[in-house]
>>> print(open('upload_0.tsv').read())   # TSV, C-alpha atoms
chain	number	residue	atom	x	y	z
Z	19	MET	CA	90.07	2.78	-67.68
Z	20	GLY	CA	93.86	2.87	-67.14
Z	21	LYS	CA	93.61	5.91	-64.89
Z	22	LYS	CA	90.91	4.25	-62.76
Z	23	LEU	CA	93.09	1.15	-62.25
Z	24	LEU	CA	96.06	3.33	-61.33
Z	25	ILE	CA	94.00	5.29	-58.79
Z	26	LEU	CA	92.62	2.04	-57.30
Z	27	PHE	CA	96.15	0.60	-57.03
Z	28	MET	CA	97.42	3.75	-55.28
Z	29	ILE	CA	94.52	3.61	-52.79
Z	30	MET	CA	95.34	-0.02	-52.00
Z	31	VAL	CA	99.04	0.76	-51.45
Z	32	LEU	CA	98.19	3.74	-49.21
Z	33	THR	CA	95.73	1.66	-47.17
Z	34	LEU	CA	98.25	-1.14	-46.72
Z	35	SER	CA	100.98	1.26	-45.61
Z	36	LEU	CA	98.66	2.87	-43.06
Z	37	LEU	CA	97.67	-0.51	-41.66
Z	38	THR	CA	101.22	-1.76	-41.34
Z	39	GLY	CA	102.23	1.54	-39.76
Z	40	CYS	CA	99.55	1.23	-37.07
Z	41	VAL	CA	100.15	-2.41	-36.12
Z	42	THR	CA	103.63	-3.53	-35.09
Z	43	PRO	CA	104.06	-7.25	-35.62
Z	44	LYS	CA	105.38	-9.21	-32.65
Z	45	SER	CA	108.41	-10.24	-34.69
Z	46	ALA	CA	109.45	-6.57	-34.70
Z	47	VAL	CA	109.30	-6.32	-30.89
Z	48	SER	CA	112.73	-6.66	-29.32
Z	49	LYS	CA	113.55	-9.99	-27.71
Z	50	ILE	CA	112.07	-10.52	-24.22
Z	51	LYS	CA	114.69	-11.59	-21.69
Z	52	VAL	CA	113.26	-14.00	-19.10
Z	53	GLY	CA	115.30	-14.59	-15.96
Z	54	SER	CA	115.15	-16.76	-12.86
Z	55	LYS	CA	116.99	-17.46	-9.63
Z	56	ASN	CA	119.06	-20.56	-9.07
Z	57	PHE	CA	116.79	-23.33	-7.77
Z	58	THR	CA	114.43	-25.91	-9.25
Z	59	GLU	CA	111.15	-24.06	-8.78
Z	60	ALA	CA	112.60	-20.89	-10.28
Z	61	PHE	CA	113.82	-22.79	-13.35
Z	62	ILE	CA	110.38	-24.35	-13.89
Z	63	LEU	CA	108.53	-21.03	-13.51
Z	64	GLY	CA	110.98	-19.10	-15.69
Z	65	GLU	CA	110.69	-21.73	-18.40
Z	66	MET	CA	106.88	-21.59	-18.19
Z	67	TYR	CA	106.96	-17.83	-18.71
Z	68	ALA	CA	109.33	-18.20	-21.67
Z	69	LEU	CA	107.30	-20.97	-23.34
Z	70	ALA	CA	104.00	-19.11	-22.92
Z	71	LEU	CA	105.45	-15.93	-24.43
Z	72	GLU	CA	106.92	-17.85	-27.36
Z	73	ASN	CA	103.59	-19.59	-27.88
Z	74	ASN	CA	102.01	-16.14	-28.20
Z	75	GLY	CA	104.42	-14.99	-30.88
Z	76	TYR	CA	107.22	-13.33	-28.89
Z	77	GLU	CA	110.91	-13.97	-29.32
Z	78	VAL	CA	112.46	-14.92	-25.99
Z	79	GLU	CA	115.98	-15.07	-24.60
Z	80	ARG	CA	116.35	-17.23	-21.50
Z	81	LYS	CA	118.61	-16.00	-18.71
Z	82	LEU	CA	117.74	-18.59	-16.10
Z	83	ASN	CA	119.96	-19.53	-13.12
Z	84	LEU	CA	121.09	-15.96	-12.46
Z	85	GLY	CA	121.85	-16.52	-8.77
Z	86	GLY	CA	120.15	-15.29	-5.61
Z	87	THR	CA	117.50	-12.66	-4.97
Z	88	MET	CA	119.61	-9.52	-5.22
Z	89	VAL	CA	121.34	-10.65	-8.43
Z	90	ALA	CA	117.96	-11.25	-10.08
Z	91	HIS	CA	116.53	-7.98	-8.73
Z	92	GLU	CA	119.48	-5.88	-9.90
Z	93	SER	CA	119.38	-7.57	-13.31
Z	94	LEU	CA	115.74	-6.55	-13.62
Z	95	LYS	CA	116.41	-2.98	-12.51
Z	96	GLN	CA	119.27	-2.62	-15.00
Z	97	GLY	CA	117.31	-4.07	-17.91
Z	98	GLU	CA	119.53	-7.13	-18.22
Z	99	ILE	CA	116.32	-9.13	-17.93
Z	100	ASP	CA	112.71	-8.06	-18.49
Z	101	LEU	CA	110.90	-10.30	-16.02
Z	102	TYR	CA	111.36	-13.16	-13.55
Z	103	PRO	CA	109.37	-15.08	-10.90
Z	104	GLU	CA	109.65	-13.57	-7.39
Z	105	TYR	CA	108.02	-14.10	-4.00
Z	106	THR	CA	106.07	-11.43	-2.11
Z	107	GLY	CA	107.76	-12.09	1.24
Z	108	THR	CA	111.20	-11.99	-0.39
Z	109	GLY	CA	110.42	-8.64	-1.99
Z	110	LEU	CA	109.15	-7.29	1.33
Z	111	ILE	CA	112.00	-8.43	3.57
Z	112	ASN	CA	115.07	-9.05	1.42
Z	113	VAL	CA	114.68	-6.30	-1.17
Z	114	LEU	CA	112.71	-3.55	0.56
Z	115	GLY	CA	114.02	-4.26	4.06
Z	116	GLU	CA	110.55	-4.07	5.61
Z	117	THR	CA	109.56	-5.95	8.76
Z	118	PRO	CA	107.73	-9.27	8.23
Z	119	LYS	CA	103.93	-9.14	7.99
Z	120	SER	CA	101.46	-12.01	7.96
Z	121	ASP	CA	98.62	-10.60	5.82
Z	122	SER	CA	99.02	-11.66	2.18
Z	123	GLN	CA	97.16	-8.68	0.69
Z	124	GLU	CA	99.08	-6.18	2.82
Z	125	VAL	CA	102.42	-7.69	1.77
Z	126	TYR	CA	101.40	-7.64	-1.90
Z	127	ASP	CA	100.20	-4.04	-1.68
Z	128	ILE	CA	103.48	-2.91	-0.13
Z	129	VAL	CA	105.77	-4.63	-2.62
Z	130	SER	CA	103.69	-3.76	-5.69
Z	131	GLY	CA	103.42	-0.11	-4.65
Z	132	GLN	CA	107.04	0.42	-3.69
Z	133	TYR	CA	108.50	-1.48	-6.67
Z	134	LYS	CA	106.39	0.66	-9.02
Z	135	ASP	CA	107.34	3.94	-7.32
Z	136	LYS	CA	111.04	3.18	-6.91
Z	137	TRP	CA	111.93	1.34	-10.10
Z	138	ASN	CA	108.83	1.11	-12.37
Z	139	LEU	CA	108.78	-2.65	-11.82
Z	140	ILE	CA	105.33	-4.22	-11.91
Z	141	TRP	CA	104.10	-7.11	-9.80
Z	142	LEU	CA	101.39	-8.92	-11.74
Z	143	HIS	CA	98.53	-10.80	-10.07
Z	144	PRO	CA	99.73	-13.09	-7.25
Z	145	SER	CA	99.27	-16.83	-7.46
Z	146	GLU	CA	97.74	-18.90	-4.69
Z	147	ALA	CA	101.05	-20.77	-4.38
Z	148	ASN	CA	102.87	-19.74	-1.20
Z	149	ASP	CA	106.47	-20.96	-0.97
Z	150	SER	CA	107.00	-20.13	2.68
Z	151	GLN	CA	109.29	-21.75	5.23
Z	152	GLY	CA	108.17	-24.63	7.40
Z	153	MET	CA	109.17	-27.46	9.72
Z	154	VAL	CA	108.84	-31.09	8.66
Z	155	VAL	CA	108.69	-34.41	10.51
Z	156	THR	CA	108.04	-37.99	9.46
Z	157	ARG	CA	104.52	-39.33	9.82
Z	158	LYS	CA	105.89	-41.77	12.40
Z	159	VAL	CA	107.14	-38.89	14.59
Z	160	ALA	CA	103.93	-36.89	14.06
Z	161	GLU	CA	101.76	-39.78	15.20
Z	162	LYS	CA	104.04	-40.71	18.12
Z	163	TYR	CA	103.97	-37.19	19.61
Z	164	ASN	CA	100.64	-35.96	18.20
Z	165	LEU	CA	102.79	-33.33	16.50
Z	166	TYR	CA	101.10	-31.31	13.74
Z	167	THR	CA	101.66	-27.62	14.66
Z	168	LEU	CA	104.56	-25.33	15.49
Z	169	SER	CA	102.99	-24.56	18.87
Z	170	ARG	CA	103.24	-28.24	19.76
Z	171	LEU	CA	106.79	-28.43	18.38
Z	172	ALA	CA	107.84	-25.49	20.56
Z	173	GLN	CA	106.80	-27.51	23.62
Z	174	LEU	CA	108.23	-30.87	22.49
Z	175	ALA	CA	111.58	-29.56	21.20
Z	176	PRO	CA	113.59	-30.70	24.29
Z	177	GLN	CA	112.73	-34.30	23.32
Z	178	LEU	CA	113.60	-33.94	19.63
Z	179	ARG	CA	116.66	-33.72	17.35
Z	180	LEU	CA	116.76	-30.96	14.72
Z	181	ALA	CA	118.41	-31.34	11.32
Z	182	ALA	CA	119.16	-27.67	10.60
Z	183	VAL	CA	120.43	-26.03	7.40
Z	184	PRO	CA	123.01	-23.24	6.98
Z	185	GLU	CA	122.05	-19.96	8.75
Z	186	PHE	CA	118.86	-21.41	10.26
Z	187	GLU	CA	120.03	-21.07	13.85
Z	188	GLU	CA	121.05	-17.40	13.52
Z	189	ARG	CA	118.40	-15.82	11.31
Z	190	GLU	CA	115.56	-13.73	12.74
Z	191	ASP	CA	113.15	-15.36	10.28
Z	192	ALA	CA	114.29	-18.82	11.41
Z	193	LEU	CA	115.12	-20.45	14.76
Z	194	LYS	CA	116.02	-17.22	16.57
Z	195	GLY	CA	112.70	-15.67	15.55
Z	196	LEU	CA	110.73	-18.82	16.33
Z	197	LYS	CA	112.05	-18.79	19.89
Z	198	LYS	CA	110.94	-15.19	20.38
Z	199	PHE	CA	107.57	-15.63	18.68
Z	200	TYR	CA	106.42	-19.03	19.95
Z	201	GLY	CA	108.65	-19.48	22.97
Z	202	GLY	CA	110.39	-22.80	23.54
Z	203	PHE	CA	112.14	-24.38	20.53
Z	204	GLU	CA	115.06	-25.53	22.70
Z	205	PHE	CA	115.95	-28.72	20.87
Z	206	LYS	CA	117.59	-31.74	22.46
Z	207	ASP	CA	120.22	-31.75	19.72
Z	208	ILE	CA	120.95	-29.64	16.61
Z	209	LYS	CA	123.16	-30.75	13.73
Z	210	LEU	CA	123.83	-28.93	10.49
Z	211	TYR	CA	123.14	-30.54	7.09
Z	212	ASP	CA	123.16	-29.48	3.45
Z	213	TYR	CA	119.80	-28.68	1.85
Z	214	GLY	CA	120.04	-31.70	-0.43
Z	215	VAL	CA	120.16	-34.30	2.38
Z	216	LYS	CA	117.93	-32.83	5.11
Z	217	TYR	CA	114.83	-34.92	4.25
Z	218	ARG	CA	116.91	-38.09	3.94
Z	219	VAL	CA	118.24	-37.47	7.45
Z	220	VAL	CA	114.77	-37.51	9.06
Z	221	GLU	CA	113.62	-40.39	6.87
Z	222	ASN	CA	116.64	-42.39	8.11
Z	223	ASP	CA	115.79	-41.51	11.74
Z	224	GLU	CA	119.05	-39.58	12.20
Z	225	ALA	CA	116.94	-36.59	13.29
Z	226	ASP	CA	113.30	-35.97	14.20
Z	227	VAL	CA	112.64	-32.56	12.64
Z	228	THR	CA	114.04	-30.62	9.69
Z	229	VAL	CA	113.53	-27.34	7.86
Z	230	GLY	CA	111.50	-27.18	4.66
Z	231	PHE	CA	109.73	-24.97	2.19
Z	232	THR	CA	106.02	-25.39	1.67
Z	233	THR	CA	106.32	-26.18	-2.05
Z	234	ASP	CA	109.20	-28.68	-1.79
Z	235	GLY	CA	108.74	-31.68	-4.03
Z	236	GLU	CA	109.61	-34.04	-1.18
Z	237	LEU	CA	106.35	-33.05	0.53
Z	238	THR	CA	104.50	-35.17	-2.01
Z	239	LYS	CA	105.78	-38.18	-0.08
Z	240	GLU	CA	103.20	-39.78	2.20
Z	241	ASN	CA	105.73	-40.33	4.99
Z	242	LEU	CA	106.49	-36.62	5.52
Z	243	VAL	CA	104.31	-34.11	7.39
Z	244	LEU	CA	104.55	-30.31	7.10
Z	245	LEU	CA	103.70	-28.76	10.46
Z	246	GLU	CA	101.09	-26.00	10.54
Z	247	ASP	CA	102.37	-22.51	11.36
Z	248	ASP	CA	99.32	-22.06	13.58
Z	249	LYS	CA	100.29	-18.60	14.91
Z	250	HIS	CA	101.47	-17.31	11.49
Z	251	PHE	CA	105.11	-16.58	12.25
Z	252	TRP	CA	106.33	-16.74	8.68
Z	253	PRO	CA	105.16	-14.11	6.18
Z	254	PRO	CA	103.49	-15.16	2.93
Z	255	TYR	CA	105.70	-15.84	-0.08
Z	256	HIS	CA	103.26	-15.90	-2.98
Z	257	VAL	CA	104.73	-16.50	-6.44
Z	258	VAL	CA	104.33	-13.52	-8.79
Z	259	PRO	CA	105.91	-12.50	-12.12
Z	260	VAL	CA	107.71	-9.15	-11.77
Z	261	VAL	CA	108.03	-7.26	-15.06
Z	262	ARG	CA	109.73	-4.07	-16.23
Z	263	GLY	CA	107.14	-1.33	-16.65
Z	264	GLU	CA	108.52	-0.27	-20.04
Z	265	LEU	CA	107.85	-3.72	-21.46
Z	266	LEU	CA	104.24	-3.76	-20.28
Z	267	GLU	CA	103.62	-0.27	-21.63
Z	268	LYS	CA	104.59	-1.47	-25.11
Z	269	ASN	CA	103.07	-4.96	-24.78
Z	270	PRO	CA	100.21	-4.88	-22.23
Z	271	GLU	CA	98.97	-8.31	-23.31
Z	272	ILE	CA	102.03	-9.87	-21.62
Z	273	SER	CA	100.34	-9.43	-18.25
Z	274	ASP	CA	97.40	-11.58	-19.39
Z	275	ILE	CA	99.71	-14.29	-20.72
Z	276	LEU	CA	101.63	-14.57	-17.43
Z	277	ASP	CA	98.59	-14.12	-15.20
Z	278	ARG	CA	96.98	-17.16	-16.82
Z	279	ILE	CA	99.91	-19.22	-15.56
Z	280	SER	CA	99.66	-17.77	-12.05
Z	281	GLU	CA	95.97	-18.70	-11.92
Z	282	LYS	CA	96.95	-22.38	-12.17
Z	283	LEU	CA	99.59	-22.40	-9.40
Z	284	THR	CA	98.94	-23.78	-5.93
Z	285	ASN	CA	101.24	-25.31	-3.32
Z	286	GLU	CA	100.16	-28.77	-4.43
Z	287	VAL	CA	100.88	-27.97	-8.08
Z	288	LEU	CA	104.38	-26.67	-7.34
Z	289	GLN	CA	105.13	-29.59	-5.02
Z	290	SER	CA	104.20	-31.95	-7.86
Z	291	LEU	CA	106.26	-30.07	-10.46
Z	292	ASN	CA	109.28	-29.82	-8.18
Z	293	ALA	CA	109.00	-33.54	-7.42
Z	294	GLU	CA	109.12	-34.37	-11.12
Z	295	VAL	CA	112.52	-32.65	-11.35
Z	296	ASP	CA	114.07	-33.28	-7.93
Z	297	ILE	CA	112.79	-36.80	-7.26
Z	298	ASN	CA	111.97	-38.24	-10.69
Z	299	LYS	CA	115.00	-36.52	-12.27
Z	300	ARG	CA	113.19	-35.12	-15.29
Z	301	GLU	CA	114.33	-32.01	-17.18
Z	302	TYR	CA	112.65	-28.83	-15.90
Z	303	ALA	CA	111.93	-27.61	-19.44
Z	304	GLU	CA	110.05	-30.82	-20.23
Z	305	VAL	CA	108.07	-30.58	-16.98
Z	306	ALA	CA	107.17	-26.92	-17.65
Z	307	ASN	CA	106.04	-27.65	-21.22
Z	308	GLU	CA	103.96	-30.64	-20.14
Z	309	PHE	CA	102.16	-28.60	-17.47
Z	310	LEU	CA	101.30	-25.76	-19.86
Z	311	GLU	CA	99.95	-28.20	-22.44
Z	312	LYS	CA	97.90	-30.03	-19.82
Z	313	GLU	CA	96.37	-26.75	-18.61
Z	314	GLY	CA	95.58	-25.54	-22.11
Z	315	LEU	CA	98.12	-22.72	-22.01
Z	316	MET	CA	100.15	-23.95	-25.00
Z	317	THR	CA	97.35	-24.20	-27.56
Z	318	LYS	CA	98.58	-23.38	-31.04
Z	319	GLU	CA	96.58	-21.07	-33.23
>>> encode(input="upload_0.tsv", output="structure tokens")
Amino acid sequence: MGKKLLILFMIMVLTLSLLTGCVTPKSAVSKIKVGSKNFTEAFILGEMYALALENNGYEVERKLNLGGTMVAHESLKQGEIDLYPEYTGTGLINVLGETPKSDSQEVYDIVSGQYKDKWNLIWLHPSEANDSQGMVVTRKVAEKYNLYTLSRLAQLAPQLRLAAVPEFEEREDALKGLKKFYGGFEFKDIKLYDYGVKYRVVENDEADVTVGFTTDGELTKENLVLLEDDKHFWPPYHVVPVVRGELLEKNPEISDILDRISEKLTNEVLQSLNAEVDINKREYAEVANEFLEKEGLMTKE
């Protein structure tokens, strides 16, 4: 009887050791370093990624507010971070140095292919959210001039005052490019303003037109109108998590966790989230957590 118990005990120990050898617990996986660039939307998205990973059992180190595009990109290449939210148009133009393109799928295919080949960096599934550039007027100005498209703005520019932001007049993807692409855009007056006050300037009737981004929180205001880029000058800037290939090879389920977030993102969603931080002055981490809970992405086991 004693020998049978001993044999049974040894079988149990051997089975347990085999099982624990085959399955690596998430606590044993090295800490995942989540990064972001240095603006509100990037903070919110980076925090969402971090919270979702933690909710699925991963240990996370936050490295948000890294700086601009190239700082974040180099940090990812060097392994200083493991993932961060990026934009397809930014990857195409700023990182890869390719010419702008208007087709969303083509842009995604180029950046996902080249990032994988060059650096083993993986673009996950793109979100619907497209944080592109745009031009904004008040509803009063839009109704006065029947102004709702960039084609119309190109014609009306000699009657209007532009509140520009740094570099907008010189960049090929800004005013210089608009003039070549649409023609016109010769404004009556151009004055330079900081990003933080540009909307206030048009709301106070100190200018008629300003520069915006299509997911800005201020666009939730009823008195502001984003003009349609009716000839598709600006390339698409869809939000996508970019992840180190080595991390996904070891933890393929991470792509599903992050893709579930991307599935929920639209321009309207990001406008609302950005508004909560920039207009309502709430903490980005609180806003990110609230959104994930609302969408059922923070359900505890």
>>> residues_around(input="upload_0.tsv", residues="segment 202-218 of chain Z", least_positions_apart="5", cutoff="7 Å", atoms="all atoms listed in the file", output="count of residues only")
14
>>> closest_residue(input="upload_0.tsv", among="Z:Asn269, Z:Asn83, Z:Thr117, Z:Asn298", to="Glu59 of chain Z", atoms="only C-alpha atoms")
Z:Asn83
>>> residues_near_point(input="upload_0.tsv", point="(106.8, -29.0, 16.2)", cutoff="10 Å", atoms="only C-alpha atoms", output="PyMOL selection string")
chain Z and resi 152-155+160+163-175+178+203+226-228+244-247
>>> closest_residue(input="upload_0.tsv", among="Z:Tyr302, Z:Phe57, Z:Trp137, Z:Tyr105", to="Ser122 of chain Z", atoms="only C-alpha atoms")
Z:Tyr105
>>> axis_aligned_box(input="upload_0.tsv", around="segment 198-212 of chain Z", padding_each_side="8 Å", output="lines of an AutoDock Vina configuration file")
center_x = 115.1
center_y = -23.5
center_z = 13.5
size_x = 33.4
size_y = 32.6
size_z = 36.1
>>> atom_distance(input="upload_0.tsv", atom1="atom CA of Asp135 of chain Z", atom2="atom CA of Asn56 of chain Z")
27.2 Å
>>> closest_residue(input="upload_0.tsv", among="Z:Ala90, Z:Leu196, Z:Ile297, Z:Leu276", to="Leu315 of chain Z", atoms="all atoms listed in the file")
Z:Leu276
